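**Student:** What follows is the file query18.pdb, containing PDB, N, CA and C atoms and all ligand atoms:
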ATOM      1  N   MET A   1      36.787 -19.430 -23.780  1.00  0.00           N
ATOM      2  CA  MET A   1      37.893 -20.058 -23.043  1.00  0.00           C
ATOM      3  C   MET A   1      37.339 -21.055 -22.035  1.00  0.00           C
ATOM      4  N   LEU A   2      38.043 -22.141 -21.909  1.00  0.00           N
ATOM      5  CA  LEU A   2      37.656 -23.158 -20.922  1.00  0.00           C
ATOM      6  C   LEU A   2      38.716 -23.213 -19.821  1.00  0.00           C
ATOM      7  N   PRO A   3      38.330 -23.664 -18.652  1.00  0.00           N
ATOM      8  CA  PRO A   3      39.329 -23.826 -17.595  1.00  0.00           C
ATOM      9  C   PRO A   3      40.349 -24.881 -18.013  1.00  0.00           C
ATOM     10  N   VAL A   4      41.621 -24.625 -17.747  1.00  0.00           N
ATOM     11  CA  VAL A   4      42.691 -25.536 -18.153  1.00  0.00           C
ATOM     12  C   VAL A   4      42.590 -26.853 -17.394  1.00  0.00           C
ATOM     13  N   LYS A   5      42.246 -26.756 -16.136  1.00  0.00           N
ATOM     14  CA  LYS A   5      42.186 -27.977 -15.333  1.00  0.00           C
ATOM     15  C   LYS A   5      40.961 -27.937 -14.443  1.00  0.00           C
ATOM     16  N   LYS A   6      40.371 -29.111 -14.229  1.00  0.00           N
ATOM     17  CA  LYS A   6      39.209 -29.211 -13.347  1.00  0.00           C
ATOM     18  C   LYS A   6      39.606 -28.787 -11.931  1.00  0.00           C
ATOM     19  N   THR A   7      38.751 -27.948 -11.315  1.00  0.00           N
ATOM     20  CA  THR A   7      38.987 -27.571  -9.925  1.00  0.00           C
ATOM     21  C   THR A   7      38.482 -28.700  -9.025  1.00  0.00           C
ATOM     22  N   SER A   8      39.346 -29.224  -8.204  1.00  0.00           N
ATOM     23  CA  SER A   8      38.958 -30.346  -7.334  1.00  0.00           C
ATOM     24  C   SER A   8      38.000 -29.886  -6.247  1.00  0.00           C
ATOM     25  N   LYS A   9      37.250 -30.838  -5.697  1.00  0.00           N
ATOM     26  CA  LYS A   9      36.357 -30.528  -4.574  1.00  0.00           C
ATOM     27  C   LYS A   9      37.124 -29.845  -3.457  1.00  0.00           C
ATOM     28  N   SER A  10      38.302 -30.416  -3.155  1.00  0.00           N
ATOM     29  CA  SER A  10      39.103 -29.893  -2.052  1.00  0.00           C
ATOM     30  C   SER A  10      39.503 -28.448  -2.290  1.00  0.00           C
ATOM     31  N   ARG A  11      39.924 -28.162  -3.540  1.00  0.00           N
ATOM     32  CA  ARG A  11      40.395 -26.819  -3.847  1.00  0.00           C
ATOM     33  C   ARG A  11      39.262 -25.794  -3.742  1.00  0.00           C
ATOM     34  N   SER A  12      38.097 -26.119  -4.324  1.00  0.00           N
ATOM     35  CA  SER A  12      37.000 -25.151  -4.268  1.00  0.00           C
ATOM     36  C   SER A  12      36.466 -25.022  -2.845  1.00  0.00           C
ATOM     37  N   ARG A  13      36.448 -26.111  -2.098  1.00  0.00           N
ATOM     38  CA  ARG A  13      35.965 -26.031  -0.712  1.00  0.00           C
ATOM     39  C   ARG A  13      36.936 -25.262   0.164  1.00  0.00           C
ATOM     40  N   THR A  14      38.236 -25.416  -0.118  1.00  0.00           N
ATOM     41  CA  THR A  14      39.241 -24.648   0.630  1.00  0.00           C
ATOM     42  C   THR A  14      39.072 -23.154   0.347  1.00  0.00           C
ATOM     43  N   ARG A  15      38.831 -22.825  -0.941  1.00  0.00           N
ATOM     44  CA  ARG A  15      38.625 -21.422  -1.307  1.00  0.00           C
ATOM     45  C   ARG A  15      37.388 -20.866  -0.583  1.00  0.00           C
ATOM     46  N   ARG A  16      36.323 -21.658  -0.532  1.00  0.00           N
ATOM     47  CA  ARG A  16      35.068 -21.191   0.064  1.00  0.00           C
ATOM     48  C   ARG A  16      35.090 -21.205   1.584  1.00  0.00           C
ATOM     49  N   SER A  17      36.148 -21.727   2.174  1.00  0.00           N
ATOM     50  CA  SER A  17      36.209 -21.775   3.635  1.00  0.00           C
ATOM     51  C   SER A  17      36.232 -20.373   4.247  1.00  0.00           C
ATOM     52  N   HIS A  18      36.562 -19.356   3.437  1.00  0.00           N
ATOM     53  CA  HIS A  18      36.613 -17.986   3.945  1.00  0.00           C
ATOM     54  C   HIS A  18      35.303 -17.239   3.710  1.00  0.00           C
ATOM     55  N   ASN A  19      34.313 -17.915   3.109  1.00  0.00           N
ATOM     56  CA  ASN A  19      33.122 -17.202   2.637  1.00  0.00           C
ATOM     57  C   ASN A  19      32.009 -17.048   3.660  1.00  0.00           C
ATOM     58  N   ARG A  20      32.179 -17.585   4.852  1.00  0.00           N
ATOM     59  CA  ARG A  20      31.048 -17.534   5.778  1.00  0.00           C
ATOM     60  C   ARG A  20      30.784 -16.118   6.269  1.00  0.00           C
ATOM     61  N   LEU A  21      29.538 -15.881   6.676  1.00  0.00           N
ATOM     62  CA  LEU A  21      29.150 -14.568   7.171  1.00  0.00           C
ATOM     63  C   LEU A  21      29.612 -14.408   8.612  1.00  0.00           C
ATOM     64  N   LYS A  22      29.985 -13.189   8.946  1.00  0.00           N
ATOM     65  CA  LYS A  22      30.349 -12.898  10.328  1.00  0.00           C
ATOM     66  C   LYS A  22      29.101 -12.476  11.100  1.00  0.00           C
ATOM     67  N   ALA A  23      29.111 -12.789  12.364  1.00  0.00           N
ATOM     68  CA  ALA A  23      27.999 -12.356  13.204  1.00  0.00           C
ATOM     69  C   ALA A  23      28.014 -10.835  13.310  1.00  0.00           C
ATOM     70  N   VAL A  24      26.838 -10.240  13.330  1.00  0.00           N
ATOM     71  CA  VAL A  24      26.735  -8.789  13.424  1.00  0.00           C
ATOM     72  C   VAL A  24      27.143  -8.342  14.829  1.00  0.00           C
ATOM     73  N   ASN A  25      28.001  -7.327  14.873  1.00  0.00           N
ATOM     74  CA  ASN A  25      28.436  -6.807  16.167  1.00  0.00           C
ATOM     75  C   ASN A  25      27.366  -5.882  16.733  1.00  0.00           C
ATOM     76  N   TYR A  26      27.089  -5.989  18.019  1.00  0.00           N
ATOM     77  CA  TYR A  26      26.108  -5.092  18.610  1.00  0.00           C
ATOM     78  C   TYR A  26      26.497  -4.766  20.039  1.00  0.00           C
ATOM     79  N   SER A  27      25.922  -3.707  20.559  1.00  0.00           N
ATOM     80  CA  SER A  27      26.146  -3.348  21.952  1.00  0.00           C
ATOM     81  C   SER A  27      24.777  -3.277  22.629  1.00  0.00           C
ATOM     82  N   ILE A  28      24.802  -3.046  23.936  1.00  0.00           N
ATOM     83  CA  ILE A  28      23.555  -3.033  24.695  1.00  0.00           C
ATOM     84  C   ILE A  28      23.247  -1.614  25.145  1.00  0.00           C
ATOM     85  N   CYS A  29      21.999  -1.196  24.954  1.00  0.00           N
ATOM     86  CA  CYS A  29      21.566   0.141  25.353  1.00  0.00           C
ATOM     87  C   CYS A  29      21.718   0.306  26.857  1.00  0.00           C
ATOM     88  N   LYS A  30      22.324   1.449  27.278  1.00  0.00           N
ATOM     89  CA  LYS A  30      22.523   1.666  28.708  1.00  0.00           C
ATOM     90  C   LYS A  30      21.212   1.938  29.423  1.00  0.00           C
ATOM     91  N   LYS A  31      20.231   2.433  28.658  1.00  0.00           N
ATOM     92  CA  LYS A  31      18.990   2.863  29.293  1.00  0.00           C
ATOM     93  C   LYS A  31      17.979   1.719  29.415  1.00  0.00           C
ATOM     94  N   CYS A  32      17.783   0.984  28.308  1.00  0.00           N
ATOM     95  CA  CYS A  32      16.733  -0.038  28.330  1.00  0.00           C
ATOM     96  C   CYS A  32      17.268  -1.459  28.148  1.00  0.00           C
ATOM     97  N   GLN A  33      18.603  -1.596  28.061  1.00  0.00           N
ATOM     98  CA  GLN A  33      19.248  -2.918  27.980  1.00  0.00           C
ATOM     99  C   GLN A  33      18.876  -3.729  26.735  1.00  0.00           C
ATOM    100  N   SER A  34      18.302  -3.090  25.722  1.00  0.00           N
ATOM    101  CA  SER A  34      18.017  -3.852  24.504  1.00  0.00           C
ATOM    102  C   SER A  34      19.219  -3.759  23.561  1.00  0.00           C
ATOM    103  N   PRO A  35      19.428  -4.757  22.699  1.00  0.00           N
ATOM    104  CA  PRO A  35      20.565  -4.720  21.783  1.00  0.00           C
ATOM    105  C   PRO A  35      20.424  -3.597  20.767  1.00  0.00           C
ATOM    106  N   LYS A  36      21.532  -2.930  20.475  1.00  0.00           N
ATOM    107  CA  LYS A  36      21.522  -1.853  19.485  1.00  0.00           C
ATOM    108  C   LYS A  36      22.840  -1.852  18.736  1.00  0.00           C
ATOM    109  N   LEU A  37      22.878  -1.191  17.567  1.00  0.00           N
ATOM    110  CA  LEU A  37      24.117  -1.074  16.819  1.00  0.00           C
ATOM    111  C   LEU A  37      25.009  -0.042  17.493  1.00  0.00           C
ATOM    112  N   PRO A  38      26.336  -0.309  17.574  1.00  0.00           N
ATOM    113  CA  PRO A  38      27.231   0.668  18.153  1.00  0.00           C
ATOM    114  C   PRO A  38      27.251   1.964  17.341  1.00  0.00           C
ATOM    115  N   HIS A  39      27.412   3.100  18.002  1.00  0.00           N
ATOM    116  CA  HIS A  39      27.456   4.434  17.388  1.00  0.00           C
ATOM    117  C   HIS A  39      26.140   4.795  16.719  1.00  0.00           C
ATOM    118  N   ALA A  40      25.049   4.183  17.127  1.00  0.00           N
ATOM    119  CA  ALA A  40      23.736   4.511  16.577  1.00  0.00           C
ATOM    120  C   ALA A  40      22.753   4.625  17.737  1.00  0.00           C
ATOM    121  N   ALA A  41      21.699   5.420  17.538  1.00  0.00           N
ATOM    122  CA  ALA A  41      20.700   5.564  18.579  1.00  0.00           C
ATOM    123  C   ALA A  41      19.925   4.256  18.745  1.00  0.00           C
ATOM    124  N   CYS A  42      19.489   3.996  19.973  1.00  0.00           N
ATOM    125  CA  CYS A  42      18.716   2.792  20.262  1.00  0.00           C
ATOM    126  C   CYS A  42      17.375   2.859  19.528  1.00  0.00           C
ATOM    127  N   GLU A  43      16.992   1.780  18.879  1.00  0.00           N
ATOM    128  CA  GLU A  43      15.709   1.775  18.161  1.00  0.00           C
ATOM    129  C   GLU A  43      14.532   1.710  19.109  1.00  0.00           C
ATOM    130  N   ASN A  44      14.759   1.181  20.286  1.00  0.00           N
ATOM    131  CA  ASN A  44      13.672   0.998  21.240  1.00  0.00           C
ATOM    132  C   ASN A  44      13.321   2.298  21.958  1.00  0.00           C
ATOM    133  N   CYS A  45      14.358   3.000  22.494  1.00  0.00           N
ATOM    134  CA  CYS A  45      14.072   4.180  23.308  1.00  0.00           C
ATOM    135  C   CYS A  45      14.691   5.456  22.745  1.00  0.00           C
ATOM    136  N   GLY A  46      15.519   5.372  21.695  1.00  0.00           N
ATOM    137  CA  GLY A  46      16.099   6.556  21.090  1.00  0.00           C
ATOM    138  C   GLY A  46      17.325   7.094  21.794  1.00  0.00           C
ATOM    139  N   TYR A  47      17.797   6.387  22.828  1.00  0.00           N
ATOM    140  CA  TYR A  47      18.952   6.851  23.589  1.00  0.00           C
ATOM    141  C   TYR A  47      20.222   6.721  22.772  1.00  0.00           C
ATOM    142  N   LEU A  48      21.053   7.769  22.755  1.00  0.00           N
ATOM    143  CA  LEU A  48      22.349   7.696  22.076  1.00  0.00           C
ATOM    144  C   LEU A  48      23.469   7.925  23.084  1.00  0.00           C
ATOM    145  N   ASN A  49      23.456   9.055  23.771  1.00  0.00           N
ATOM    146  CA  ASN A  49      24.389   9.302  24.868  1.00  0.00           C
ATOM    147  C   ASN A  49      23.699  10.232  25.856  1.00  0.00           C
ATOM    148  N   PRO A  50      24.317  10.523  27.035  1.00  0.00           N
ATOM    149  CA  PRO A  50      23.614  11.324  28.037  1.00  0.00           C
ATOM    150  C   PRO A  50      23.084  12.662  27.521  1.00  0.00           C
ATOM    151  N   LYS A  51      23.729  13.211  26.479  1.00  0.00           N
ATOM    152  CA  LYS A  51      23.284  14.509  25.959  1.00  0.00           C
ATOM    153  C   LYS A  51      22.211  14.373  24.882  1.00  0.00           C
ATOM    154  N   ILE A  52      22.219  13.251  24.173  1.00  0.00           N
ATOM    155  CA  ILE A  52      21.325  13.105  23.016  1.00  0.00           C
ATOM    156  C   ILE A  52      20.383  11.917  23.212  1.00  0.00           C
ATOM    157  N   THR A  53      19.102  12.195  23.206  1.00  0.00           N
ATOM    158  CA  THR A  53      18.095  11.135  23.149  1.00  0.00           C
ATOM    159  C   THR A  53      17.083  11.530  22.089  1.00  0.00           C
ATOM    160  N   LEU A  54      16.915  10.692  21.098  1.00  0.00           N
ATOM    161  CA  LEU A  54      15.993  11.011  20.014  1.00  0.00           C
ATOM    162  C   LEU A  54      14.562  10.660  20.408  1.00  0.00           C
ATOM    163  N   ASP A  55      13.634  11.404  19.845  1.00  0.00           N
ATOM    164  CA  ASP A  55      12.226  11.069  20.053  1.00  0.00           C
ATOM    165  C   ASP A  55      11.846   9.902  19.141  1.00  0.00           C
ATOM    166  N   VAL A  56      11.440   8.810  19.717  1.00  0.00           N
ATOM    167  CA  VAL A  56      11.030   7.649  18.926  1.00  0.00           C
ATOM    168  C   VAL A  56       9.515   7.558  18.959  1.00  0.00           C
ATOM    169  N   ALA A  57       8.916   7.955  17.836  1.00  0.00           N
ATOM    170  CA  ALA A  57       7.455   7.856  17.757  1.00  0.00           C
ATOM    171  C   ALA A  57       7.081   6.428  17.382  1.00  0.00           C
ATOM    172  N   LYS A  58       6.252   5.826  18.174  1.00  0.00           N
ATOM    173  CA  LYS A  58       5.856   4.444  17.893  1.00  0.00           C
ATOM    174  C   LYS A  58       4.741   4.423  16.853  1.00  0.00           C
ATOM    175  N   GLU A  59       5.024   3.780  15.715  1.00  0.00           N
ATOM    176  CA  GLU A  59       4.039   3.704  14.655  1.00  0.00           C
ATOM    177  C   GLU A  59       3.018   2.610  14.948  1.00  0.00           C
ATOM    178  N   GLU A  60       1.783   2.950  14.699  1.00  0.00           N
ATOM    179  CA  GLU A  60       0.729   1.946  14.901  1.00  0.00           C
ATOM    180  C   GLU A  60       0.501   1.179  13.609  1.00  0.00           C
ATOM    181  N   THR A  61       0.533  -0.115  13.686  1.00  0.00           N
ATOM    182  CA  THR A  61       0.285  -0.945  12.508  1.00  0.00           C
ATOM    183  C   THR A  61      -1.051  -1.656  12.638  1.00  0.00           C
ATOM    184  N   ASP A  62      -1.821  -1.589  11.565  1.00  0.00           N
ATOM    185  CA  ASP A  62      -3.104  -2.312  11.584  1.00  0.00           C
ATOM    186  C   ASP A  62      -3.438  -2.879  10.227  1.00  0.00           C
TER     187      ASP A  62
HETATM  188 ZN    ZN B 101      17.294   1.828  24.553  1.00  0.00          ZN
END
Please express the file's structure as structure tokens.
Ligand SMILES: [Zn+2]
**Tutor:**
Amino acid sequence: MLPVKKTSKSRSRTRRSHNRLKAVNYSICKKCQSPKLPHAACENCGYLNPKITLDVAKEETD
């Protein structure tokens, strides 16, 4: 099957106008002020909430 009619530049560009990526939402860690994902422990210090702080072992790379 072939397309019945050529899709114009305007039509395809209008369709693609909704295709852009959204910026990732993030919040700031209360403890170390580094950006982190909401509802997730901080990657830098492991802080999640006053009751929960995860141990973040720093891996050595060489
Ligand atoms: Zn933190």
**Student:** Have a look at CA of Lys6 in chain A and CA of Leu21 in chain A and let me know their distance in Å, one decimal.
**Tutor:**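 Computed distance, CA of Lys6 in chain A to CA of Leu21 in chain A, equals 27.1 Å.
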**Student:** Taking only C-alpha atoms and all ligand atoms into account, list the residues no farther than 10 Å from ligand ZN 101 (chain B), as number ranges by chain.
**Tutor:** A: 28-36, 41-48, 53
**Student:** Just the selected residues (N, CA and C atoms), exported as a PDB file, keeping the file's coordinate frame, please.
**Tutor:**
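Saved to result.pdb:
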ATOM      1  N   ILE A  28      24.802  -3.046  23.936  1.00  0.00           N
ATOM      2  CA  ILE A  28      23.555  -3.033  24.695  1.00  0.00           C
ATOM      3  C   ILE A  28      23.247  -1.614  25.145  1.00  0.00           C
ATOM      4  N   CYS A  29      21.999  -1.196  24.954  1.00  0.00           N
ATOM      5  CA  CYS A  29      21.566   0.141  25.353  1.00  0.00           C
ATOM      6  C   CYS A  29      21.718   0.306  26.857  1.00  0.00           C
ATOM      7  N   LYS A  30      22.324   1.449  27.278  1.00  0.00           N
ATOM      8  CA  LYS A  30      22.523   1.666  28.708  1.00  0.00           C
ATOM      9  C   LYS A  30      21.212   1.938  29.423  1.00  0.00           C
ATOM     10  N   LYS A  31      20.231   2.433  28.658  1.00  0.00           N
ATOM     11  CA  LYS A  31      18.990   2.863  29.293  1.00  0.00           C
ATOM     12  C   LYS A  31      17.979   1.719  29.415  1.00  0.00           C
ATOM     13  N   CYS A  32      17.783   0.984  28.308  1.00  0.00           N
ATOM     14  CA  CYS A  32      16.733  -0.038  28.330  1.00  0.00           C
ATOM     15  C   CYS A  32      17.268  -1.459  28.148  1.00  0.00           C
ATOM     16  N   GLN A  33      18.603  -1.596  28.061  1.00  0.00           N
ATOM     17  CA  GLN A  33      19.248  -2.918  27.980  1.00  0.00           C
ATOM     18  C   GLN A  33      18.876  -3.729  26.735  1.00  0.00           C
ATOM     19  N   SER A  34      18.302  -3.090  25.722  1.00  0.00           N
ATOM     20  CA  SER A  34      18.017  -3.852  24.504  1.00  0.00           C
ATOM     21  C   SER A  34      19.219  -3.759  23.561  1.00  0.00           C
ATOM     22  N   PRO A  35      19.428  -4.757  22.699  1.00  0.00           N
ATOM     23  CA  PRO A  35      20.565  -4.720  21.783  1.00  0.00           C
ATOM     24  C   PRO A  35      20.424  -3.597  20.767  1.00  0.00           C
ATOM     25  N   LYS A  36      21.532  -2.930  20.475  1.00  0.00           N
ATOM     26  CA  LYS A  36      21.522  -1.853  19.485  1.00  0.00           C
ATOM     27  C   LYS A  36      22.840  -1.852  18.736  1.00  0.00           C
ATOM     28  N   ALA A  41      21.699   5.420  17.538  1.00  0.00           N
ATOM     29  CA  ALA A  41      20.700   5.564  18.579  1.00  0.00           C
ATOM     30  C   ALA A  41      19.925   4.256  18.745  1.00  0.00           C
ATOM     31  N   CYS A  42      19.489   3.996  19.973  1.00  0.00           N
ATOM     32  CA  CYS A  42      18.716   2.792  20.262  1.00  0.00           C
ATOM     33  C   CYS A  42      17.375   2.859  19.528  1.00  0.00           C
ATOM     34  N   GLU A  43      16.992   1.780  18.879  1.00  0.00           N
ATOM     35  CA  GLU A  43      15.709   1.775  18.161  1.00  0.00           C
ATOM     36  C   GLU A  43      14.532   1.710  19.109  1.00  0.00           C
ATOM     37  N   ASN A  44      14.759   1.181  20.286  1.00  0.00           N
ATOM     38  CA  ASN A  44      13.672   0.998  21.240  1.00  0.00           C
ATOM     39  C   ASN A  44      13.321   2.298  21.958  1.00  0.00           C
ATOM     40  N   CYS A  45      14.358   3.000  22.494  1.00  0.00           N
ATOM     41  CA  CYS A  45      14.072   4.180  23.308  1.00  0.00           C
ATOM     42  C   CYS A  45      14.691   5.456  22.745  1.00  0.00           C
ATOM     43  N   GLY A  46      15.519   5.372  21.695  1.00  0.00           N
ATOM     44  CA  GLY A  46      16.099   6.556  21.090  1.00  0.00           C
ATOM     45  C   GLY A  46      17.325   7.094  21.794  1.00  0.00           C
ATOM     46  N   TYR A  47      17.797   6.387  22.828  1.00  0.00           N
ATOM     47  CA  TYR A  47      18.952   6.851  23.589  1.00  0.00           C
ATOM     48  C   TYR A  47      20.222   6.721  22.772  1.00  0.00           C
ATOM     49  N   LEU A  48      21.053   7.769  22.755  1.00  0.00           N
ATOM     50  CA  LEU A  48      22.349   7.696  22.076  1.00  0.00           C
ATOM     51  C   LEU A  48      23.469   7.925  23.084  1.00  0.00           C
ATOM     52  N   THR A  53      19.102  12.195  23.206  1.00  0.00           N
ATOM     53  CA  THR A  53      18.095  11.135  23.149  1.00  0.00           C
ATOM     54  C   THR A  53      17.083  11.530  22.089  1.00  0.00           C
TER      55      THR A  53
END
**Student:** Enumerate, as a ChimeraX atom specification, the complete set of residues in chain A that a backbone-based DSSP assignment places in strand (DSSP E or B).
**Tutor:** /A:27-28,35-36,47-49,52-53
**Student:** In Å to one decimal, how far is CA of Ser17 in chain A from CA of Pro38 in chain A?
**Tutor:**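 CA of Ser17 in chain A lies at a distance of 28.2 Å from CA of Pro38 in chain A.
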**Student:** For the helix (DSSP H, G or I) assignment from backbone DSSP, which residues of chain A qualify? Please present them as JSON, numbers by chain.
**Tutor:** {"A": [9, 10, 11, 12, 13, 14, 15, 16]}
**Student:** Store the residues picked out above, limited to N, CA and C atoms, as a PDB file, in the coordinates of the input.
**Tutor:**
ATOM      1  N   LYS A   9      37.250 -30.838  -5.697  1.00  0.00           N
ATOM      2  CA  LYS A   9      36.357 -30.528  -4.574  1.00  0.00           C
ATOM      3  C   LYS A   9      37.124 -29.845  -3.457  1.00  0.00           C
ATOM      4  N   SER A  10      38.302 -30.416  -3.155  1.00  0.00           N
ATOM      5  CA  SER A  10      39.103 -29.893  -2.052  1.00  0.00           C
ATOM      6  C   SER A  10      39.503 -28.448  -2.290  1.00  0.00           C
ATOM      7  N   ARG A  11      39.924 -28.162  -3.540  1.00  0.00           N
ATOM      8  CA  ARG A  11      40.395 -26.819  -3.847  1.00  0.00           C
ATOM      9  C   ARG A  11      39.262 -25.794  -3.742  1.00  0.00           C
ATOM     10  N   SER A  12      38.097 -26.119  -4.324  1.00  0.00           N
ATOM     11  CA  SER A  12      37.000 -25.151  -4.268  1.00  0.00           C
ATOM     12  C   SER A  12      36.466 -25.022  -2.845  1.00  0.00           C
ATOM     13  N   ARG A  13      36.448 -26.111  -2.098  1.00  0.00           N
ATOM     14  CA  ARG A  13      35.965 -26.031  -0.712  1.00  0.00           C
ATOM     15  C   ARG A  13      36.936 -25.262   0.164  1.00  0.00           C
ATOM     16  N   THR A  14      38.236 -25.416  -0.118  1.00  0.00           N
ATOM     17  CA  THR A  14      39.241 -24.648   0.630  1.00  0.00           C
ATOM     18  C   THR A  14      39.072 -23.154   0.347  1.00  0.00           C
ATOM     19  N   ARG A  15      38.831 -22.825  -0.941  1.00  0.00           N
ATOM     20  CA  ARG A  15      38.625 -21.422  -1.307  1.00  0.00           C
ATOM     21  C   ARG A  15      37.388 -20.866  -0.583  1.00  0.00           C
ATOM     22  N   ARG A  16      36.323 -21.658  -0.532  1.00  0.00           N
ATOM     23  CA  ARG A  16      35.068 -21.191   0.064  1.00  0.00           C
ATOM     24  C   ARG A  16      35.090 -21.205   1.584  1.00  0.00           C
TER      25      ARG A  16
END
**Student:** A:Asn49, A:Val24, A:Lys5, A:Arg11: which is nearest Leu37 in chain A, counting only C-alpha atoms?
**Tutor:**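 Residue with the minimum atom-to-atom distance to Leu37 in chain A: A:Val24.
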